[in-house]
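Student: Contents of start-v4.txt (compact mmCIF, C-alpha atoms):
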# COMPACT_ATOMS: atom_id res chain seq x y z
CA MET A 922 8.49 64.41 21.73
CA GLN A 923 4.70 64.72 21.46
CA THR A 924 2.87 61.45 20.88
CA SER A 925 -0.72 60.79 19.87
CA PHE A 926 -1.47 57.15 20.58
CA THR A 927 -5.15 56.22 20.87
CA ALA A 928 -6.67 54.72 24.01
CA ASP A 929 -7.03 51.38 22.23
CA GLN A 930 -3.36 51.39 21.31
CA LEU A 931 -2.30 52.24 24.85
CA ALA A 932 -4.28 49.25 26.11
CA ASP A 933 -1.44 47.16 24.69
CA PRO A 934 1.23 47.22 27.47
CA HIS A 935 4.06 47.07 24.93
CA VAL A 936 2.73 50.10 23.07
CA ALA A 937 2.11 51.91 26.36
CA GLU A 938 5.72 51.27 27.40
CA SER A 939 6.97 52.47 24.02
CA GLU A 940 4.87 55.63 24.34
CA LYS A 941 6.55 56.43 27.68
CA ILE A 942 9.97 55.97 26.10
CA LEU A 943 9.13 58.04 23.02
CA ARG A 944 7.83 60.89 25.16
CA LYS A 945 11.27 61.26 26.77
CA CYS A 946 13.15 61.84 23.53
CA VAL A 947 13.77 65.57 22.93
CA HIS A 948 15.69 65.02 19.67
CA CYS A 949 18.79 66.77 20.95
CA GLY A 950 21.02 64.68 18.67
CA PHE A 951 23.63 63.74 21.29
CA CYS A 952 23.09 60.09 20.32
CA THR A 953 24.23 60.65 16.74
CA ALA A 954 27.81 61.35 17.84
CA THR A 955 28.22 57.89 19.37
CA CYS A 956 26.01 55.77 17.10
CA PRO A 957 28.26 53.44 15.04
CA THR A 958 25.89 53.21 12.08
CA TYR A 959 25.37 56.96 11.86
CA VAL A 960 29.13 57.56 12.18
CA THR A 961 29.72 54.97 9.45
CA LEU A 962 26.86 55.69 7.05
CA GLY A 963 26.01 59.34 7.74
CA ASN A 964 22.27 58.75 7.28
CA GLU A 965 19.95 60.35 9.85
CA LEU A 966 17.61 57.35 9.61
CA ASP A 967 20.52 55.15 10.69
CA SER A 968 20.84 57.08 13.95
CA PRO A 969 18.82 56.43 17.13
CA ARG A 970 16.96 59.72 16.60
CA GLY A 971 16.04 58.76 13.05
CA ARG A 972 14.94 55.27 14.04
CA ILE A 973 12.82 56.74 16.82
CA TYR A 974 10.98 58.85 14.23
CA LEU A 975 10.32 55.75 12.12
CA ILE A 976 9.21 53.63 15.08
CA LYS A 977 6.96 56.40 16.42
CA ASP A 978 5.28 56.80 13.05
CA MET A 979 4.76 53.04 12.71
CA LEU A 980 3.35 52.52 16.21
CA GLU A 981 1.23 55.69 16.31
CA ASN A 982 -0.50 54.77 13.08
CA GLY A 983 -0.86 51.16 14.15
CA ARG A 984 0.45 49.95 10.81
CA PRO A 985 2.61 47.03 9.75
CA ALA A 986 6.31 47.57 9.27
CA ASP A 987 7.42 48.44 5.75
CA LYS A 988 10.70 47.95 3.88
CA GLU A 989 12.14 51.34 4.90
CA ILE A 990 11.54 50.80 8.61
CA VAL A 991 12.90 47.25 8.46
CA THR A 992 16.03 48.38 6.61
CA HIS A 993 16.98 50.98 9.21
CA VAL A 994 15.97 48.99 12.30
CA ASP A 995 17.88 45.96 10.97
CA ARG A 996 20.98 48.15 10.69
CA CYS A 997 20.84 48.94 14.41
CA LEU A 998 23.51 47.01 16.33
CA SER A 999 21.73 47.35 19.69
CA CYS A 1000 25.11 48.49 20.99
CA LEU A 1001 23.26 50.95 23.27
CA ALA A 1002 25.93 53.65 23.00
CA CYS A 1003 23.03 56.04 22.52
CA MET A 1004 21.76 55.21 26.01
CA THR A 1005 25.13 56.11 27.52
CA THR A 1006 25.07 59.57 25.93
CA CYS A 1007 21.33 60.34 26.13
CA PRO A 1008 20.72 63.20 28.61
CA SER A 1009 16.98 62.41 28.77
CA GLY A 1010 17.26 58.78 29.86
CA VAL A 1011 15.53 57.31 26.80
CA ASN A 1012 15.48 53.51 27.09
CA TYR A 1013 16.23 52.86 23.45
CA MET A 1014 16.92 49.18 24.20
CA HIS A 1015 13.31 48.44 25.13
CA LEU A 1016 11.99 50.57 22.28
CA VAL A 1017 14.00 48.85 19.55
CA ASP A 1018 13.22 45.44 21.06
CA HIS A 1019 9.51 46.21 20.74
CA ALA A 1020 10.02 47.49 17.19
CA ARG A 1021 11.77 44.25 16.22
CA SER A 1022 8.97 42.19 17.70
CA HIS A 1023 6.43 44.29 15.76
CA ILE A 1024 8.46 43.78 12.57
CA GLU A 1025 8.55 40.03 13.11
CA LYS A 1026 4.77 39.92 13.50
CA THR A 1027 3.77 42.31 10.69
CA TYR A 1028 6.42 42.18 7.96
CA ARG A 1029 7.13 39.35 5.54
CA ARG A 1030 10.81 39.29 4.76
CA PRO A 1031 12.23 38.00 1.46
CA LEU A 1032 12.55 34.21 1.37
CA ALA A 1033 16.36 34.08 1.65
CA ASP A 1034 16.33 36.42 4.66
CA ARG A 1035 13.61 34.36 6.36
CA LEU A 1036 15.54 31.14 5.81
CA ILE A 1037 18.85 32.51 7.10
CA ARG A 1038 17.22 33.95 10.21
CA SER A 1039 15.39 30.69 10.84
CA VAL A 1040 18.65 28.75 10.55
CA LEU A 1041 20.38 31.09 13.00
CA ALA A 1042 17.53 30.79 15.50
CA PHE A 1043 17.47 27.00 15.11
CA VAL A 1044 21.23 26.45 15.40
CA LEU A 1045 23.02 29.08 17.50
CA PRO A 1046 21.15 28.75 20.82
CA HIS A 1047 21.69 24.97 20.85
CA PRO A 1048 25.30 23.85 21.49
CA ALA A 1049 24.98 20.39 19.92
CA ARG A 1050 23.47 21.80 16.73
CA PHE A 1051 26.00 24.63 16.64
CA ARG A 1052 28.92 22.23 17.08
CA THR A 1053 27.64 20.10 14.21
CA ALA A 1054 27.14 23.16 12.00
CA LEU A 1055 30.72 24.35 12.63
CA LYS A 1056 32.10 20.94 11.72
CA LEU A 1057 30.06 20.96 8.50
CA ALA A 1058 31.27 24.48 7.65
CA ARG A 1059 34.45 23.10 6.09
CA LEU A 1060 32.30 21.56 3.36
CA GLY A 1061 30.93 24.99 2.48
CA ARG A 1062 34.19 26.96 2.53
CA PRO A 1063 34.98 26.35 -1.17
CA PHE A 1064 31.73 28.20 -2.00
CA THR A 1065 32.51 31.30 0.10
CA GLY A 1066 33.44 33.41 -2.94
CA PHE A 1067 30.25 32.43 -4.74
CA PHE A 1068 28.10 33.36 -1.75
CA GLU A 1069 29.95 36.65 -1.31
CA ASN A 1070 29.14 37.73 -4.86
CA SER A 1071 25.42 37.31 -4.23
CA LYS A 1072 23.66 40.08 -2.26
CA THR A 1073 21.11 37.68 -0.80
CA LEU A 1074 23.68 35.00 0.11
CA LYS A 1075 26.35 37.24 1.67
CA PRO A 1076 25.29 36.20 5.18
CA LEU A 1077 26.29 32.62 4.31
CA ALA A 1078 29.74 33.83 3.29
CA ALA A 1079 30.00 35.72 6.58
CA MET A 1080 29.09 32.56 8.52
CA LEU A 1081 31.76 30.54 6.76
CA LYS A 1082 34.43 33.21 7.34
CA LEU A 1083 33.65 33.35 11.06
CA ALA A 1084 33.62 29.57 11.52
CA PRO A 1085 36.87 28.36 13.18
CA ALA A 1086 39.12 25.93 11.36
CA SER A 1087 38.67 23.44 14.22
CA VAL A 1088 36.16 23.07 17.02
CA PRO A 1089 37.40 22.56 20.60
CA ALA A 1090 36.33 19.43 22.43
CA ALA A 1091 33.29 19.84 24.67
CA SER A 1092 34.15 20.73 28.25
CA PRO A 1093 32.90 18.64 31.19
CA LEU A 1094 31.67 21.95 32.61
CA ALA A 1095 28.97 22.02 29.94
CA ARG A 1096 27.19 19.32 31.93
CA PRO A 1097 25.10 20.23 34.99
CA GLY A 1098 26.78 19.77 38.35
CA ALA A 1099 28.65 21.46 41.19
CA ARG A 1100 32.35 22.26 41.37
CA SER A 1101 33.36 22.74 45.00
CA ALA A 1102 36.10 25.07 46.12
CA ALA A 1103 39.43 23.30 45.84
CA LYS A 1104 40.84 24.38 49.18
CA GLY A 1105 40.42 26.72 52.09
CA GLN A 1106 37.29 28.05 53.72
CA ARG A 1107 34.16 28.21 51.59
CA ARG A 1108 33.42 31.87 50.97
CA GLY A 1109 30.38 31.68 48.73
CA ARG A 1110 28.27 29.79 46.23
CA VAL A 1111 27.37 30.95 42.72
CA ALA A 1112 25.71 29.61 39.61
CA LEU A 1113 27.63 29.91 36.35
CA LEU A 1114 25.84 30.44 33.05
CA THR A 1115 27.29 27.82 30.71
CA GLY A 1116 25.77 29.58 27.71
CA CYS A 1117 25.34 28.36 24.14
CA ALA A 1118 27.76 29.64 21.49
CA GLN A 1119 30.55 30.38 23.97
CA GLN A 1120 30.76 26.85 25.37
CA VAL A 1121 31.27 25.58 21.81
CA LEU A 1122 33.66 28.24 20.50
CA GLU A 1123 35.76 28.75 23.62
CA PRO A 1124 35.05 26.34 26.52
CA GLY A 1125 38.26 27.53 28.21
CA ILE A 1126 36.49 30.69 29.37
CA ASN A 1127 34.18 28.87 31.75
CA GLU A 1128 36.99 26.50 32.75
CA ALA A 1129 39.18 29.46 33.75
CA THR A 1130 36.26 31.00 35.64
CA VAL A 1131 35.62 27.87 37.69
CA SER A 1132 39.36 27.41 38.29
CA LEU A 1133 39.74 30.95 39.58
CA LEU A 1134 36.57 31.01 41.69
CA ASN A 1135 37.34 27.63 43.28
CA ARG A 1136 40.81 28.82 44.32
CA LEU A 1137 39.16 31.87 45.87
CA GLY A 1138 36.89 29.64 47.96
CA ILE A 1139 33.74 29.91 45.83
CA ASP A 1140 31.60 26.87 45.05
CA VAL A 1141 30.28 26.93 41.49
CA VAL A 1142 27.17 25.15 40.23
CA MET A 1143 25.93 24.62 36.67
CA PRO A 1144 22.19 24.10 37.30
CA GLN A 1145 20.12 21.40 35.67
CA GLY A 1146 17.84 22.86 33.02
CA GLU A 1147 19.77 26.07 32.30
CA ARG A 1148 20.14 26.83 28.59
CA CYS A 1149 20.69 29.76 26.20
CA CYS A 1150 19.76 33.11 27.76
CA GLY A 1151 17.53 33.99 24.80
CA ALA A 1152 19.50 37.06 23.64
CA LEU A 1153 20.07 35.78 20.10
CA VAL A 1154 16.39 35.27 19.31
CA HIS A 1155 15.36 38.30 21.37
CA HIS A 1156 17.34 40.60 19.09
CA MET A 1157 15.76 39.00 16.03
CA GLY A 1158 12.30 39.97 17.30
CA ARG A 1159 11.29 36.42 18.26
CA GLU A 1160 9.70 37.47 21.51
CA GLU A 1161 7.97 34.23 22.47
CA ALA A 1162 11.12 32.16 21.95
CA ALA A 1163 13.12 34.64 24.03
CA LEU A 1164 10.57 34.59 26.86
CA ALA A 1165 10.51 30.79 26.82
CA SER A 1166 14.30 30.78 27.29
CA ALA A 1167 14.01 33.30 30.08
CA ARG A 1168 11.35 31.26 31.92
CA ARG A 1169 13.39 28.06 31.63
CA ASN A 1170 16.46 29.73 33.10
CA VAL A 1171 14.50 31.46 35.83
CA ASP A 1172 13.12 28.06 36.86
CA ALA A 1173 16.62 26.52 36.90
CA TRP A 1174 18.16 29.30 38.97
CA THR A 1175 15.16 29.59 41.30
CA ARG A 1176 15.61 25.94 42.26
CA GLU A 1177 19.18 26.74 43.32
CA ILE A 1178 18.17 29.93 45.11
CA GLU A 1179 15.51 28.08 47.09
CA GLY A 1180 17.83 25.11 47.65
CA GLU A 1181 21.36 25.75 48.87
CA GLY A 1182 21.14 29.41 47.92
CA LEU A 1183 23.17 31.60 45.56
CA ASP A 1184 25.27 34.67 46.17
CA ALA A 1185 25.27 35.51 42.47
CA ILE A 1186 24.56 34.21 38.98
CA VAL A 1187 27.94 34.68 37.31
CA ILE A 1188 28.00 35.37 33.58
CA THR A 1189 31.09 35.35 31.37
CA ALA A 1190 29.48 36.65 28.15
CA SER A 1191 28.44 40.27 28.56
CA GLY A 1192 25.81 39.99 25.81
CA CYS A 1193 24.07 37.34 27.89
CA GLY A 1194 24.49 39.42 31.03
CA THR A 1195 22.66 42.40 29.56
CA THR A 1196 19.69 40.19 28.66
CA ILE A 1197 19.55 38.28 31.95
CA LYS A 1198 19.67 41.53 33.90
CA ASP A 1199 16.60 42.51 31.88
CA TYR A 1200 14.60 39.33 32.68
CA GLY A 1201 12.68 41.25 35.34
CA PHE A 1202 11.42 43.66 32.68
CA MET A 1203 10.89 41.02 30.02
CA LEU A 1204 8.69 38.92 32.31
CA ARG A 1205 7.04 41.77 34.23
CA LEU A 1206 3.63 40.99 32.72
CA ASP A 1207 3.75 37.28 33.62
CA PRO A 1208 2.25 36.86 37.11
CA ALA A 1209 3.82 33.42 37.51
CA TYR A 1210 7.33 34.70 36.76
CA ALA A 1211 7.52 38.44 37.42
CA GLU A 1212 8.80 38.18 41.01
CA LYS A 1213 11.13 35.25 40.35
CA ALA A 1214 12.58 36.93 37.26
CA ALA A 1215 13.24 40.14 39.20
CA LYS A 1216 15.20 38.13 41.80
CA VAL A 1217 17.24 36.44 39.09
CA SER A 1218 18.04 39.76 37.42
CA ALA A 1219 19.15 41.20 40.76
CA LEU A 1220 21.55 38.28 41.28
CA ALA A 1221 23.01 38.38 37.75
CA SER A 1222 26.61 39.58 37.71
CA ASP A 1223 29.38 39.72 35.16
CA VAL A 1224 32.38 37.71 36.35
CA THR A 1225 34.51 40.86 36.70
CA GLU A 1226 31.71 42.59 38.56
CA TYR A 1227 31.51 39.65 40.98
CA LEU A 1228 35.28 39.41 41.45
CA THR A 1229 35.40 43.01 42.68
CA THR A 1230 33.13 42.01 45.59
CA LEU A 1231 35.71 39.48 46.85
CA ASP A 1232 38.75 40.12 49.00
CA LEU A 1233 41.34 39.08 46.43
CA PRO A 1234 44.79 37.94 47.55
CA GLU A 1235 48.05 39.12 46.03
CA PRO A 1236 48.49 37.68 42.53
CA ALA A 1237 50.62 34.55 42.29
CA ARG A 1238 52.47 36.23 39.41
CA LYS A 1239 52.46 39.66 37.81
CA PRO A 1240 52.89 39.06 34.08
CA GLY A 1241 53.57 42.66 33.08
CA THR A 1242 51.95 41.95 29.71
CA VAL A 1243 50.62 45.00 27.85
CA VAL A 1244 46.89 44.50 27.36
CA ALA A 1245 44.56 46.46 25.09
CA TYR A 1246 41.21 46.31 26.88
CA HIS A 1247 38.23 46.26 24.51
CA SER A 1248 35.06 47.05 26.42
CA ALA A 1249 32.19 45.16 24.79
CA CYS A 1250 29.14 47.32 24.09
CA SER A 1251 26.97 45.06 26.20
CA MET A 1252 29.45 45.58 29.05
CA GLN A 1253 29.98 49.35 28.96
CA HIS A 1254 26.64 50.50 27.54
CA GLY A 1255 24.29 47.63 28.42
CA GLN A 1256 25.50 46.96 31.97
CA LYS A 1257 27.45 50.16 32.71
CA ILE A 1258 30.48 48.11 33.76
CA THR A 1259 33.49 50.21 32.78
CA ARG A 1260 36.16 50.35 35.49
CA GLN A 1261 36.05 46.88 37.11
CA PRO A 1262 37.72 44.83 34.35
CA LYS A 1263 40.51 47.38 33.89
CA GLU A 1264 41.11 47.70 37.63
CA LEU A 1265 41.27 43.91 38.05
CA LEU A 1266 43.76 43.57 35.21
CA ALA A 1267 45.94 46.37 36.55
CA ARG A 1268 45.89 44.92 40.06
CA ALA A 1269 46.87 41.54 38.63
CA GLY A 1270 50.02 43.04 37.12
CA PHE A 1271 48.97 43.77 33.53
CA VAL A 1272 49.68 47.08 31.82
CA VAL A 1273 46.28 48.21 30.53
CA LYS A 1274 45.88 50.33 27.40
CA GLU A 1275 42.58 51.73 26.15
CA PRO A 1276 42.13 51.98 22.37
CA ARG A 1277 40.76 55.15 20.81
CA GLU A 1278 37.03 55.25 20.04
CA GLY A 1279 36.43 52.62 22.68
CA HIS A 1280 32.74 53.50 22.73
CA LEU A 1281 32.24 52.27 19.15
CA CYS A 1282 31.09 48.71 18.46
CA CYS A 1283 33.42 46.16 16.84
CA GLY A 1284 30.55 45.04 14.59
CA SER A 1285 29.83 41.67 16.18
CA ALA A 1286 26.56 42.38 18.01
CA GLY A 1287 25.15 38.85 18.22
CA THR A 1288 24.22 37.88 14.67
CA TYR A 1289 24.86 41.35 13.19
CA ASN A 1290 28.19 40.35 11.61
CA ILE A 1291 26.26 37.66 9.72
CA LEU A 1292 23.12 39.60 8.80
CA GLN A 1293 24.85 42.94 8.08
CA PRO A 1294 28.33 41.83 6.96
CA GLU A 1295 29.30 44.98 5.02
CA ILE A 1296 28.65 47.45 7.84
CA SER A 1297 30.15 45.00 10.31
CA ALA A 1298 33.35 44.74 8.25
CA ARG A 1299 33.77 48.52 8.22
CA LEU A 1300 33.36 48.72 11.99
CA LEU A 1301 35.78 45.82 12.47
CA GLU A 1302 38.47 47.48 10.35
CA ARG A 1303 38.14 50.66 12.40
CA LYS A 1304 38.26 48.76 15.69
CA VAL A 1305 41.32 46.67 14.78
CA LYS A 1306 43.20 49.77 13.59
CA ASN A 1307 42.62 51.47 16.95
CA ILE A 1308 43.59 48.37 18.92
CA THR A 1309 46.78 47.86 16.93
CA ALA A 1310 47.78 51.49 17.55
CA THR A 1311 48.04 50.80 21.31
CA GLY A 1312 51.12 48.64 20.76
CA ALA A 1313 49.69 46.01 23.10
CA ASP A 1314 50.71 42.34 23.20
CA VAL A 1315 47.19 40.98 23.67
CA VAL A 1316 43.56 42.09 23.54
CA ALA A 1317 41.30 41.42 26.53
CA THR A 1318 37.53 41.57 26.40
CA GLY A 1319 34.51 40.06 28.13
CA ASN A 1320 32.26 38.82 25.33
CA ILE A 1321 32.60 35.83 23.03
CA GLY A 1322 31.13 37.71 20.07
CA CYS A 1323 33.85 40.36 20.32
CA ILE A 1324 36.53 37.69 20.73
CA THR A 1325 35.40 35.94 17.55
CA GLN A 1326 34.93 39.17 15.59
CA ILE A 1327 38.18 40.92 16.53
CA GLY A 1328 40.11 37.64 16.41
CA SER A 1329 39.07 37.19 12.78
CA ALA A 1330 41.09 40.26 11.73
CA ALA A 1331 43.57 41.23 14.45
CA LYS A 1332 47.14 39.94 14.46
CA LEU A 1333 47.16 40.02 18.27
CA PRO A 1334 45.73 37.19 20.37
CA VAL A 1335 42.26 38.02 21.73
CA VAL A 1336 41.57 36.58 25.18
CA HIS A 1337 38.72 36.73 27.65
CA THR A 1338 39.59 38.92 30.64
CA VAL A 1339 38.93 36.10 33.11
CA LYS A 1340 41.55 33.86 31.46
CA LEU A 1341 44.21 36.51 32.09
CA LEU A 1342 43.06 36.92 35.69
CA ASP A 1343 43.05 33.16 36.27
CA TRP A 1344 46.66 33.04 35.01
CA ALA A 1345 47.77 35.87 37.29
CA TYR A 1346 46.16 34.24 40.31
CA GLY A 1347 47.80 30.85 39.88
CA GLY A 1348 46.02 29.23 36.95
CA GLU A 1349 47.36 28.10 33.60
CA GLN A 1350 48.68 30.55 31.06
CA PRO A 1351 46.07 31.05 28.31
CA ALA A 1352 46.84 28.88 25.31
CA GLU A 1353 46.55 31.95 23.07
CA LEU A 1354 49.67 33.43 24.68
CA ARG A 1355 51.95 30.42 24.70
CA GLY A 1356 54.90 30.79 22.40
CA GLY A 1357 53.97 34.31 21.32
CA LYS A 1358 55.28 37.74 22.22
CA ALA A 1359 53.00 37.94 25.22
CA ALA A 1360 54.22 34.67 26.75
When written as structure tokens, how does the structure in this file appear?

Tutor:
Amino acid sequence: MQTSFTADQLADPHVAESEKILRKCVHCGFCTATCPTYVTLGNELDSPRGRIYLIKDMLENGRPADKEIVTHVDRCLSCLACMTTCPSGVNYMHLVDHARSHIEKTYRRPLADRLIRSVLAFVLPHPARFRTALKLARLGRPFTGFFENSKTLKPLAAMLKLAPASVPAASPLARPGARSAAKGQRRGRVALLTGCAQQVLEPGINEATVSLLNRLGIDVVMPQGERCCGALVHHMGREEAALASARRNVDAWTREIEGEGLDAIVITASGCGTTIKDYGFMLRLDPAYAEKAAKVSALASDVTEYLTTLDLPEPARKPGTVVAYHSACSMQHGQKITRQPKELLARAGFVVKEPREGHLCCGSAGTYNILQPEISARLLERKVKNITATGADVVATGNIGCITQIGSAAKLPVVHTVKLLDWAYGGEQPAELRGGKAA
């Protein structure tokens, strides 16, 4: 693609980076075949290629975002399937992130949209606020139908539908501290991202992770000062808030690295993992953080990725349960982790099935299922149909957003991969499986 940015425009490092990305795109159209919104809507402007045209035009002309650009960029899931299929190596992730930041700075959204986005940014990254909001959701459920009939209030209906009927008690692991290996020789030391939404919705994920790692001889620390990774606000274009989150976490993990040391920063939500692995890029222009952020990104590892580096013993039990493995977009496209989770499950005695169209997003995508509920619902229906067709007893995946999304519609239990592995290697059977077909 030919670009014609001015020298003044290229003085902005974000525009200069976008220009490099845009130059790589040859408009071959391979990305359209795997883009969930193009496959669903059939509109060229809702494909990566179409959005690239819109973004190029906006940035080249140095103009504010308009309604058309915002509509089509907002419909992007950031699933990054286009990056998996792109033969030219276009980093669409960084391009759309910059476009969202530009939109946030130059476009005034309608009042209802501004308010909903502000509420999401204020609540979701903060566990105490999120827990309170979920408990209050029961008061709003009687109004779900009313909200759903209003175009501007549909996101509120989506929030209420996704809210669980009850909220689990907070886990002790949400507090900073170290959990030493229970027995045997110490084989390593890692930090565990406690996260934000996940620790409220499903604290058992981190509990299973610590249980499994401790039995394998790994000390686990939850560092003081670590908070939300910043992904939620990052994908809403709130760049400064995202960078503030990144700096805070880099400081927390750097203290551990320079203290007792870390072999890895283990992450159990693949959406967070994709963002943390990008901290080095996000903070590349900050001289105080660039080097530290790069070290953190290099140490970041999905829990399944880290487990494959260990010499695992024979499983304590081989359940034989048939598992449909759903590969989260942030796992397969964002981090290029495709074989490790399936190989770990198979080695642990599970029968692994892969649903058709596994490359397509389930429609969760952070806050997408709230902000774009209609498109999200269509993707969810397609995903659940393909999962059900496998005949599996349980769905395994590595991202809390996917667990919540698929679990809202599937009749099968949806469990984090690490909970199944913990069970196979001597831990407790996941509560989701007790008493059901998979038990």

Student: Could you check how far atom CA of A:Leu1016 sits from atom CA of A:Leu998, in Å to one decimal?

Tutor: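 A separation of 13.4 Å between them.
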
Student: With distances taken over all atoms listed in the file, which of A:Pro969, A:Gly1151, A:Pro1093, A:Pro1262 is nearest to A:Ala1002?

Tutor: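 Of A:Pro969, A:Gly1151, A:Pro1093, A:Pro1262, the one nearest A:Ala1002, counting all atoms listed in the file, is A:Pro969.
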
Student: Let me make sure I understand: among A:Leu1183, A:Ala1078, A:Ala1162, A:Cys1149, which one has the smallest atom-to-atom distance to A:Gly1109 if we use only C-alpha atoms?

Tutor: A:Leu1183

Student: Could you make a table, as a tab-separated table, of the residues of stretch 1005-1101 of chain A that have an atom within 12 Å of an atom of stretch 1309-1326 of chain A, each with its nearest atom pair and distance in Å to one decimal, counting all atoms listed in the file, in chain and number order?

Tutor:
residue	atom	partner	partner_atom	distance
A:Ala1079	CA	A:Gln1326	CA	10.8
A:Met1080	CA	A:Gln1326	CA	11.3
A:Lys1082	CA	A:Gln1326	CA	10.2
A:Leu1083	CA	A:Thr1325	CA	7.2
A:Ala1084	CA	A:Thr1325	CA	9.0
A:Pro1085	CA	A:Thr1325	CA	8.9

Student: For A:Ser1251, work out the shell of residues within 7 Å, counting all atoms listed in the file and skipping chain neighbours fewer than 2 positions away, then give it as a PyMOL selection string.

Tutor: chain A and resi 1000+1191-1192+1195+1249+1253-1256

Student: For the point (46.0, 36.9, 16.7) in the file's frame, write as a PDB file with C-alpha atoms, in the coordinates of the input all residues with an atom no more than 10 Å away, counting all atoms listed in the file.

Tutor:
ATOM      1  CA  ASP A1314      50.710  42.340  23.200  1.00  0.00           C
ATOM      2  CA  VAL A1315      47.190  40.980  23.670  1.00  0.00           C
ATOM      3  CA  VAL A1316      43.560  42.090  23.540  1.00  0.00           C
ATOM      4  CA  ILE A1327      38.180  40.920  16.530  1.00  0.00           C
ATOM      5  CA  GLY A1328      40.110  37.640  16.410  1.00  0.00           C
ATOM      6  CA  SER A1329      39.070  37.190  12.780  1.00  0.00           C
ATOM      7  CA  ALA A1330      41.090  40.260  11.730  1.00  0.00           C
ATOM      8  CA  ALA A1331      43.570  41.230  14.450  1.00  0.00           C
ATOM      9  CA  LYS A1332      47.140  39.940  14.460  1.00  0.00           C
ATOM     10  CA  LEU A1333      47.160  40.020  18.270  1.00  0.00           C
ATOM     11  CA  PRO A1334      45.730  37.190  20.370  1.00  0.00           C
ATOM     12  CA  VAL A1335      42.260  38.020  21.730  1.00  0.00           C
ATOM     13  CA  VAL A1336      41.570  36.580  25.180  1.00  0.00           C
ATOM     14  CA  GLU A1353      46.550  31.950  23.070  1.00  0.00           C
ATOM     15  CA  LEU A1354      49.670  33.430  24.680  1.00  0.00           C
ATOM     16  CA  GLY A1357      53.970  34.310  21.320  1.00  0.00           C
TER      17      GLY A1357
END

Student: Hey, could you patch up stretch 1182-1192 of chain A with N, CA, C and O atoms and hand it over as an mmCIF file, keeping the file's coordinate frame?

Tutor:
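Once everything was written out, this is result35.cif:
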data_model
loop_
_atom_site.group_PDB
_atom_site.id
_atom_site.type_symbol
_atom_site.label_atom_id
_atom_site.label_comp_id
_atom_site.auth_asym_id
_atom_site.auth_seq_id
_atom_site.Cartn_x
_atom_site.Cartn_y
_atom_site.Cartn_z
ATOM 1 N N GLY A 1182 20.961 27.967 47.979
ATOM 2 C CA GLY A 1182 21.140 29.410 47.920
ATOM 3 C C GLY A 1182 22.252 29.821 46.962
ATOM 4 O O GLY A 1182 23.157 29.035 46.669
ATOM 5 N N LEU A 1183 22.173 31.045 46.471
ATOM 6 C CA LEU A 1183 23.170 31.600 45.560
ATOM 7 C C LEU A 1183 23.534 33.010 45.989
ATOM 8 O O LEU A 1183 22.657 33.795 46.341
ATOM 9 N N ASP A 1184 24.822 33.302 45.937
ATOM 10 C CA ASP A 1184 25.270 34.670 46.170
ATOM 11 C C ASP A 1184 25.200 35.497 44.889
ATOM 12 O O ASP A 1184 25.078 36.729 44.940
ATOM 13 N N ALA A 1185 25.307 34.821 43.763
ATOM 14 C CA ALA A 1185 25.270 35.510 42.470
ATOM 15 C C ALA A 1185 25.051 34.496 41.360
ATOM 16 O O ALA A 1185 25.282 33.294 41.544
ATOM 17 N N ILE A 1186 24.584 34.987 40.223
ATOM 18 C CA ILE A 1186 24.560 34.210 38.980
ATOM 19 C C ILE A 1186 25.643 34.828 38.110
ATOM 20 O O ILE A 1186 25.495 35.948 37.617
ATOM 21 N N VAL A 1187 26.758 34.139 37.980
ATOM 22 C CA VAL A 1187 27.940 34.680 37.310
ATOM 23 C C VAL A 1187 27.855 34.412 35.810
ATOM 24 O O VAL A 1187 27.572 33.288 35.375
ATOM 25 N N ILE A 1188 28.123 35.450 35.036
ATOM 26 C CA ILE A 1188 28.000 35.370 33.580
ATOM 27 C C ILE A 1188 29.317 35.824 32.958
ATOM 28 O O ILE A 1188 29.889 36.846 33.344
ATOM 29 N N THR A 1189 29.809 35.043 31.996
ATOM 30 C CA THR A 1189 31.090 35.350 31.370
ATOM 31 C C THR A 1189 30.952 35.863 29.940
ATOM 32 O O THR A 1189 31.951 36.079 29.260
ATOM 33 N N ALA A 1190 29.730 36.038 29.469
ATOM 34 C CA ALA A 1190 29.480 36.650 28.150
ATOM 35 C C ALA A 1190 28.610 37.869 28.389
ATOM 36 O O ALA A 1190 27.448 37.743 28.790
ATOM 37 N N SER A 1191 29.159 39.054 28.163
ATOM 38 C CA SER A 1191 28.440 40.270 28.560
ATOM 39 C C SER A 1191 27.144 40.458 27.777
ATOM 40 O O SER A 1191 26.205 41.079 28.277
ATOM 41 N N GLY A 1192 27.066 39.919 26.548
ATOM 42 C CA GLY A 1192 25.810 39.990 25.810
ATOM 43 C C GLY A 1192 24.699 39.254 26.531
ATOM 44 O O GLY A 1192 23.551 39.725 26.591
#
